[in-house]
Structures are given as structure tokens and as C-alpha cells.
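Asks: Sharing work.pdb (PDB, C-alpha atoms) below.
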```pdb
ATOM      1  CA  MET O  27      13.969 -55.206  29.359
ATOM      2  CA  ALA O  28      14.245 -51.435  28.896
ATOM      3  CA  LYS O  29      17.088 -50.221  26.755
ATOM      4  CA  GLU O  30      19.842 -48.385  28.679
ATOM      5  CA  GLY O  31      18.960 -44.705  28.854
ATOM      6  CA  ALA O  32      15.381 -45.239  27.634
ATOM      7  CA  MET O  33      13.785 -43.422  30.592
ATOM      8  CA  SER O  34      16.267 -40.560  30.332
ATOM      9  CA  PHE O  35      15.667 -40.311  26.578
ATOM     10  CA  GLU O  36      11.887 -40.253  27.042
ATOM     11  CA  ALA O  37      12.158 -37.560  29.742
ATOM     12  CA  ALA O  38      14.422 -35.389  27.553
ATOM     13  CA  LYS O  39      12.128 -35.822  24.544
ATOM     14  CA  ALA O  40       9.047 -34.955  26.631
ATOM     15  CA  HIS O  41      10.883 -31.880  27.900
ATOM     16  CA  LEU O  42      11.594 -30.775  24.313
ATOM     17  CA  GLU O  43       7.935 -31.387  23.421
ATOM     18  CA  GLN O  44       6.978 -28.510  25.744
ATOM     19  CA  TYR O  45       8.958 -26.189  23.458
ATOM     20  CA  GLY O  46       7.680 -27.672  20.192
ATOM     21  CA  LEU O  47      11.111 -29.177  19.479
ATOM     22  CA  ALA O  48      10.549 -32.920  19.909
ATOM     23  CA  ASP O  49      10.299 -33.358  16.130
ATOM     24  CA  ARG O  50      13.983 -32.335  15.916
ATOM     25  CA  VAL O  51      15.156 -35.350  17.940
ATOM     26  CA  ILE O  52      17.301 -37.794  15.980
ATOM     27  CA  VAL O  53      17.791 -41.411  17.066
ATOM     28  CA  PHE O  54      20.846 -43.077  15.572
ATOM     29  CA  ASP O  55      21.475 -46.747  14.764
ATOM     30  CA  GLN O  56      24.967 -46.254  16.171
ATOM     31  CA  SER O  57      26.416 -44.801  19.347
ATOM     32  CA  SER O  58      26.783 -41.050  19.641
ATOM     33  CA  ALA O  59      28.356 -41.212  23.111
ATOM     34  CA  THR O  60      31.475 -39.217  22.201
ATOM     35  CA  VAL O  61      31.871 -35.995  20.237
ATOM     36  CA  ALA O  62      33.531 -37.870  17.348
ATOM     37  CA  MET O  63      30.837 -40.573  17.266
ATOM     38  CA  ALA O  64      28.036 -37.992  17.480
ATOM     39  CA  ALA O  65      29.514 -35.946  14.625
ATOM     40  CA  GLN O  66      29.790 -39.035  12.452
ATOM     41  CA  ALA O  67      26.246 -40.154  13.286
ATOM     42  CA  ALA O  68      24.770 -36.670  12.704
ATOM     43  CA  GLY O  69      26.828 -36.013   9.570
ATOM     44  CA  THR O  70      28.232 -32.767  10.953
ATOM     45  CA  SER O  71      31.504 -31.391  12.281
ATOM     46  CA  GLU O  72      32.745 -32.261  15.768
ATOM     47  CA  ALA O  73      32.660 -28.550  16.614
ATOM     48  CA  GLU O  74      28.861 -28.438  16.053
ATOM     49  CA  ILE O  75      28.241 -31.161  18.634
ATOM     50  CA  ALA O  76      27.045 -29.431  21.808
ATOM     51  CA  LYS O  77      28.740 -31.489  24.497
ATOM     52  CA  THR O  78      27.368 -31.265  28.008
ATOM     53  CA  LEU O  79      30.063 -31.343  30.685
ATOM     54  CA  SER O  80      29.204 -32.011  34.351
ATOM     55  CA  PHE O  81      31.043 -30.193  37.139
ATOM     56  CA  LEU O  82      30.703 -29.976  40.910
ATOM     57  CA  VAL O  83      30.350 -26.455  42.272
ATOM     58  CA  ASP O  84      29.615 -26.214  45.997
ATOM     59  CA  ASP O  85      28.526 -29.888  46.011
ATOM     60  CA  ALA O  86      25.897 -29.289  43.316
ATOM     61  CA  ALA O  87      25.978 -30.378  39.681
ATOM     62  CA  VAL O  88      26.600 -27.637  37.141
ATOM     63  CA  LEU O  89      26.326 -28.355  33.422
ATOM     64  CA  ILE O  90      28.363 -26.468  30.858
ATOM     65  CA  VAL O  91      27.156 -26.988  27.284
ATOM     66  CA  ALA O  92      30.012 -26.200  24.902
ATOM     67  CA  ALA O  93      31.041 -26.683  21.301
ATOM     68  CA  GLY O  94      32.580 -30.067  20.560
ATOM     69  CA  ASP O  95      35.979 -28.563  19.762
ATOM     70  CA  ALA O  96      36.094 -26.375  22.888
ATOM     71  CA  LYS O  97      38.017 -27.216  26.040
ATOM     72  CA  VAL O  98      37.261 -25.827  29.479
ATOM     73  CA  ASP O  99      39.788 -23.151  30.403
ATOM     74  CA  SER O 100      40.655 -23.644  34.087
ATOM     75  CA  SER O 101      41.381 -19.983  34.770
ATOM     76  CA  LYS O 102      38.155 -18.781  33.077
ATOM     77  CA  PHE O 103      36.159 -21.419  34.991
ATOM     78  CA  LYS O 104      37.692 -20.369  38.311
ATOM     79  CA  ALA O 105      37.077 -16.683  37.555
ATOM     80  CA  LYS O 106      33.385 -17.406  36.878
ATOM     81  CA  PHE O 107      32.607 -19.961  39.598
ATOM     82  CA  HIS O 108      35.280 -19.061  42.207
ATOM     83  CA  ILE O 109      36.308 -22.700  42.463
ATOM     84  CA  LYS O 110      38.677 -25.018  40.618
ATOM     85  CA  ALA O 111      36.975 -26.927  37.769
ATOM     86  CA  LYS O 112      36.196 -30.402  39.090
ATOM     87  CA  MET O 113      34.240 -32.753  36.870
ATOM     88  CA  VAL O 114      31.617 -35.058  38.368
ATOM     89  CA  LEU O 115      33.014 -38.579  38.661
ATOM     90  CA  THR O 116      31.629 -40.884  35.964
ATOM     91  CA  ASP O 117      29.910 -43.181  38.455
ATOM     92  CA  ARG O 118      28.005 -40.236  39.997
ATOM     93  CA  VAL O 119      26.860 -38.417  36.830
ATOM     94  CA  GLU O 120      23.523 -40.200  36.447
ATOM     95  CA  GLU O 121      22.737 -39.846  40.162
ATOM     96  CA  LEU O 122      23.498 -36.104  40.247
ATOM     97  CA  VAL O 123      22.378 -35.027  36.764
ATOM     98  CA  GLY O 124      19.707 -37.529  35.743
ATOM     99  CA  HIS O 125      21.394 -38.750  32.563
ATOM    100  CA  ALA O 126      24.117 -41.378  32.132
ATOM    101  CA  PRO O 127      27.516 -40.535  30.597
ATOM    102  CA  GLY O 128      27.234 -40.542  26.805
ATOM    103  CA  GLY O 129      23.703 -39.144  26.945
ATOM    104  CA  VAL O 130      24.108 -36.183  29.283
ATOM    105  CA  CYS O 131      22.117 -33.217  28.017
ATOM    106  CA  PRO O 132      20.623 -30.039  29.479
ATOM    107  CA  PHE O 133      17.020 -31.275  29.169
ATOM    108  CA  ALA O 134      14.984 -32.901  31.981
ATOM    109  CA  VAL O 135      17.823 -32.731  34.491
ATOM    110  CA  ARG O 136      17.448 -33.277  38.225
ATOM    111  CA  ILE O 137      16.150 -30.429  40.387
ATOM    112  CA  GLY O 138      19.037 -28.292  41.587
ATOM    113  CA  VAL O 139      21.189 -28.815  38.482
ATOM    114  CA  THR O 140      22.238 -25.500  36.961
ATOM    115  CA  VAL O 141      22.794 -25.190  33.202
ATOM    116  CA  TYR O 142      25.140 -22.736  31.479
ATOM    117  CA  LEU O 143      25.771 -22.368  27.751
ATOM    118  CA  ASP O 144      29.290 -21.533  26.617
ATOM    119  CA  GLU O 145      29.890 -18.758  24.078
ATOM    120  CA  SER O 146      31.695 -21.305  21.846
ATOM    121  CA  LEU O 147      28.259 -22.442  20.588
ATOM    122  CA  ARG O 148      27.156 -19.042  19.267
ATOM    123  CA  ARG O 149      29.267 -19.302  16.090
ATOM    124  CA  PHE O 150      26.998 -22.009  14.610
ATOM    125  CA  GLU O 151      23.607 -21.881  12.934
ATOM    126  CA  TYR O 152      22.727 -25.295  14.431
ATOM    127  CA  VAL O 153      24.209 -27.385  17.218
ATOM    128  CA  TYR O 154      23.553 -30.978  18.232
ATOM    129  CA  PRO O 155      23.273 -31.751  21.952
ATOM    130  CA  ALA O 156      22.485 -35.282  23.116
ATOM    131  CA  CYS O 157      18.919 -36.150  24.043
ATOM    132  CA  GLY O 158      19.313 -38.299  27.140
ATOM    133  CA  SER O 159      20.747 -41.456  25.549
ATOM    134  CA  SER O 160      23.996 -42.588  23.974
ATOM    135  CA  ASN O 161      22.415 -42.800  20.507
ATOM    136  CA  SER O 162      20.427 -39.584  20.178
ATOM    137  CA  ALA O 163      20.774 -35.881  19.475
ATOM    138  CA  VAL O 164      18.562 -32.908  18.736
ATOM    139  CA  ARG O 165      19.229 -30.273  16.062
ATOM    140  CA  LEU O 166      18.729 -26.798  17.546
ATOM    141  CA  THR O 167      19.750 -23.220  16.924
ATOM    142  CA  PRO O 168      21.679 -21.695  19.836
ATOM    143  CA  ALA O 169      18.582 -19.587  20.642
ATOM    144  CA  GLU O 170      16.385 -22.716  20.752
ATOM    145  CA  LEU O 171      18.961 -24.434  22.948
ATOM    146  CA  GLU O 172      18.935 -21.443  25.283
ATOM    147  CA  ARG O 173      15.152 -21.535  25.582
ATOM    148  CA  ALA O 174      14.812 -25.325  25.973
ATOM    149  CA  SER O 175      17.757 -25.785  28.343
ATOM    150  CA  GLY O 176      16.528 -23.271  30.881
ATOM    151  CA  CYS O 177      20.096 -22.062  31.162
ATOM    152  CA  VAL O 178      20.992 -19.514  33.797
ATOM    153  CA  GLU O 179      23.198 -17.579  31.388
ATOM    154  CA  TRP O 180      25.744 -17.682  28.589
ATOM    155  CA  VAL O 181      29.306 -17.931  29.915
ATOM    156  CA  ASP O 182      32.807 -17.773  28.479
ATOM    157  CA  VAL O 183      34.668 -20.597  30.240
ATOM    158  CA  CYS O 184      36.154 -22.453  27.279
ATOM    159  CA  LYS O 185      38.984 -22.028  24.824
ATOM    160  CA  LEU O 186      38.879 -23.000  21.173
ATOM    161  CA  PRO O 187      41.623 -24.593  19.095
ATOM    162  CA  GLU O 188      43.779 -21.965  17.346
ATOM    163  CA  MET O 189      42.293 -22.704  13.908
ATOM    164  CA  ALA O 190      38.689 -22.157  15.130
ATOM    165  CA  GLN O 191      39.312 -18.654  16.476
TER     166      GLN O 191
END
```
Please lay out the structure from this file as C-alpha cells.

Replies:
Amino acid sequence: MAKEGAMSFEAAKAHLEQYGLADRVIVFDQSSATVAMAAQAAGTSEAEIAKTLSFLVDDAAVLIVAAGDAKVDSSKFKAKFHIKAKMVLTDRVEELVGHAPGGVCPFAVRIGVTVYLDESLRRFEYVYPACGSSNSAVRLTPAELERASGCVEWVDVCKLPEMAQ
């Protein structure tokens, strides 16, 4: 029986291979499904985890990749996308994005999914997005993430905790 997320993981890893980044993929013996778990597994700060958040904009999935300590700012989101921030329901994420919750990443997503990178990531030398499963990540510079994610653009739709600013 295939392990949960195995196909998604393989697709994300194959996607990264096209950019010469597959050797950066890390598979953990423990879950990395949440920011806190991923930071512990990767041995880094929660802020350096590049979480991928799924939203619905005009009935299409939009991914925002943001620093682990960032929170989406509703007014900034609405100013950018001209719609109230509405996350994809958990039971529809895999169907719309191509990855299950806990392993959502900007690599090998379904056709029609748009990826944006939030400015909150630019303050780090390396960030750690998931790699299609709930026990994986990939260590990338923000520039490598930009190239491999095929993002439309960098956006400023998040706010950071006071101490991180």
C-alpha cells in the first residue's frame, strides 16, 4: 500500500529535479505537517518554515507561501486580490491544489493554481517549504524558491509579529 502523500511527494521531488534542487529535499522520520513540527524536524526556527496557504479567489486556488511566523492580513489580502481572504476548506485542498493538508507546497500543483510568495520570506537566507508530504521539506534560498515555484509575483499580504519587524 502506498504511503499517504507518496504520489504528491514524488511529483514535487520530480518538479524540483528540473531545477537541480531535488538533492535539497529532506525526508523526516517524524511529521512536519505543522509549522512547529516542521521547525523541530528541520532544526530551524518556525519563522524559516515557508508555509503554503491555500485560498479561493474567483473559484480558483491561489497559494500564498509565507514565513512561518507571518499571518495573512485581511486588509492587505483584499487590497491585492479584491476579495475577502477565504481559505480552501480542508476537505477540498488536495482536489484543488494537488497536495493534501500538511504537505501543501508550491511545486507540482494542479493546472490553474496560481502561486504567490509573500515578502515575509525575503528576510531569510534559507527557507523550508514542504515537499508534497507531511514529513518532508526542501531547503531553498528565496531566489531558488521563486524560480522553482513558478510564482506569479512577490506580494505583501501578511503581517509579522511585533518582535520580528

Asks: Using atom CA of O:Arg118 and atom CA of O:Val83 as the two end points, give the distance in Å to one decimal.

Replies: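 Between these atoms lies a distance of 14.2 Å.
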
Asks: Sorted by chain and rising residue number, which residues of stretch 79-113 of chain O lie within 7 Å of stretch 129-143 of chain O, and what are their closest atom pairs and distances in Å to one decimal, counting all atoms listed in the file, as a tab-separated table?

Replies:
```
residue	atom	partner	partner_atom	distance
O:Ala86	CA	O:Val139	CA	6.8
O:Ala87	CA	O:Val139	CA	5.2
O:Val88	CA	O:Thr140	CA	4.9
O:Leu89	CA	O:Val141	CA	4.7
O:Ile90	CA	O:Tyr142	CA	5.0
O:Val91	CA	O:Leu143	CA	4.8
O:Ala92	CA	O:Leu143	CA	6.4
```

Asks: In Å to one decimal, how far is atom CA of O:Val183 from atom CA of O:Ser100?

Replies: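 Going from atom CA of O:Ser100 over to atom CA of O:Val183, I get 7.7 Å.
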
Asks: Please identify all polymer residues within 12 Å of O:Gln56, counting all atoms listed in the file, omitting same-chain residues fewer than 3 positions from it, and present them as a list of chain:residue names.

Replies: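 Returned residues: O:Ile52, O:Val53, O:Ala59, O:Thr60, O:Met63, O:Ala64, O:Ala65, O:Gln66, O:Ala67, O:Ala68, O:Ser159, O:Ser160, O:Asn161, O:Ser162, O:Ala163.
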
Asks: Smallest atom-to-atom distance to O:Arg173: which of O:Ser80, O:Ser34, O:Thr116, O:Gln44, using all atoms listed in the file?

Replies: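 Distance minimum relative to O:Arg173 lands on O:Gln44.
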
Asks: Kindly indicate which residue among O:Glu121, O:Asp99, O:Glu172, O:Glu151 lies nearest to O:Leu186, using all atoms listed in the file for the distances.

Replies: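 Comparing O:Glu121, O:Asp99, O:Glu172, O:Glu151 against O:Leu186, the winner is O:Asp99.
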
Asks: Separation of atom CA of O:Lys77 and atom CA of O:Glu36, in Å?

Replies: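 Interatomic distance, atom CA of O:Lys77 to atom CA of O:Glu36: 19.2 Å.
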
Asks: List the residues selected by the PyMOL selection byres ((chain O and resi 168) around 7) in the file shown, writing them as a PyMOL selection string.

Replies: chain O and resi 147-148+152-153+166-167+169-172

Asks: Which is closest to O:Ala126 among O:Leu79, O:Ala93, O:Ile109, O:Leu47, if we use all atoms listed in the file?

Replies: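 The closest residue to O:Ala126 is O:Leu79.
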
Asks: Need the axis-aligned box for stretch 147-165 of chain O with 4 Å each side, so what are the centre and edges in Å to one decimal, as lines of an AutoDock Vina configuration file?

Replies:
```
center_x = 23.9
center_y = -30.9
center_z = 20.0
size_x = 18.7
size_y = 31.8
size_z = 22.2
```

Asks: Counting all atoms listed in the file, which of O:Glu120, O:Leu82, O:Cys157, O:Ala105 gets nearest to O:Ala174?

Replies: O:Cys157

Asks: Select, from O:Lys104, O:Ala156, O:Glu179, O:Gly94, the residue with the minimum atom-to-atom distance to O:Pro127, counting only C-alpha atoms.

Replies: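 Using only C-alpha atoms, the shortest distance to O:Pro127 belongs to O:Ala156.
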
Asks: Quick one: of O:Pro155, O:Gly69, O:Gly128, O:Pro187, who's nearest to O:Leu42, counting all atoms listed in the file?

Replies: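 For O:Leu42, the nearest of the candidates is O:Pro155.
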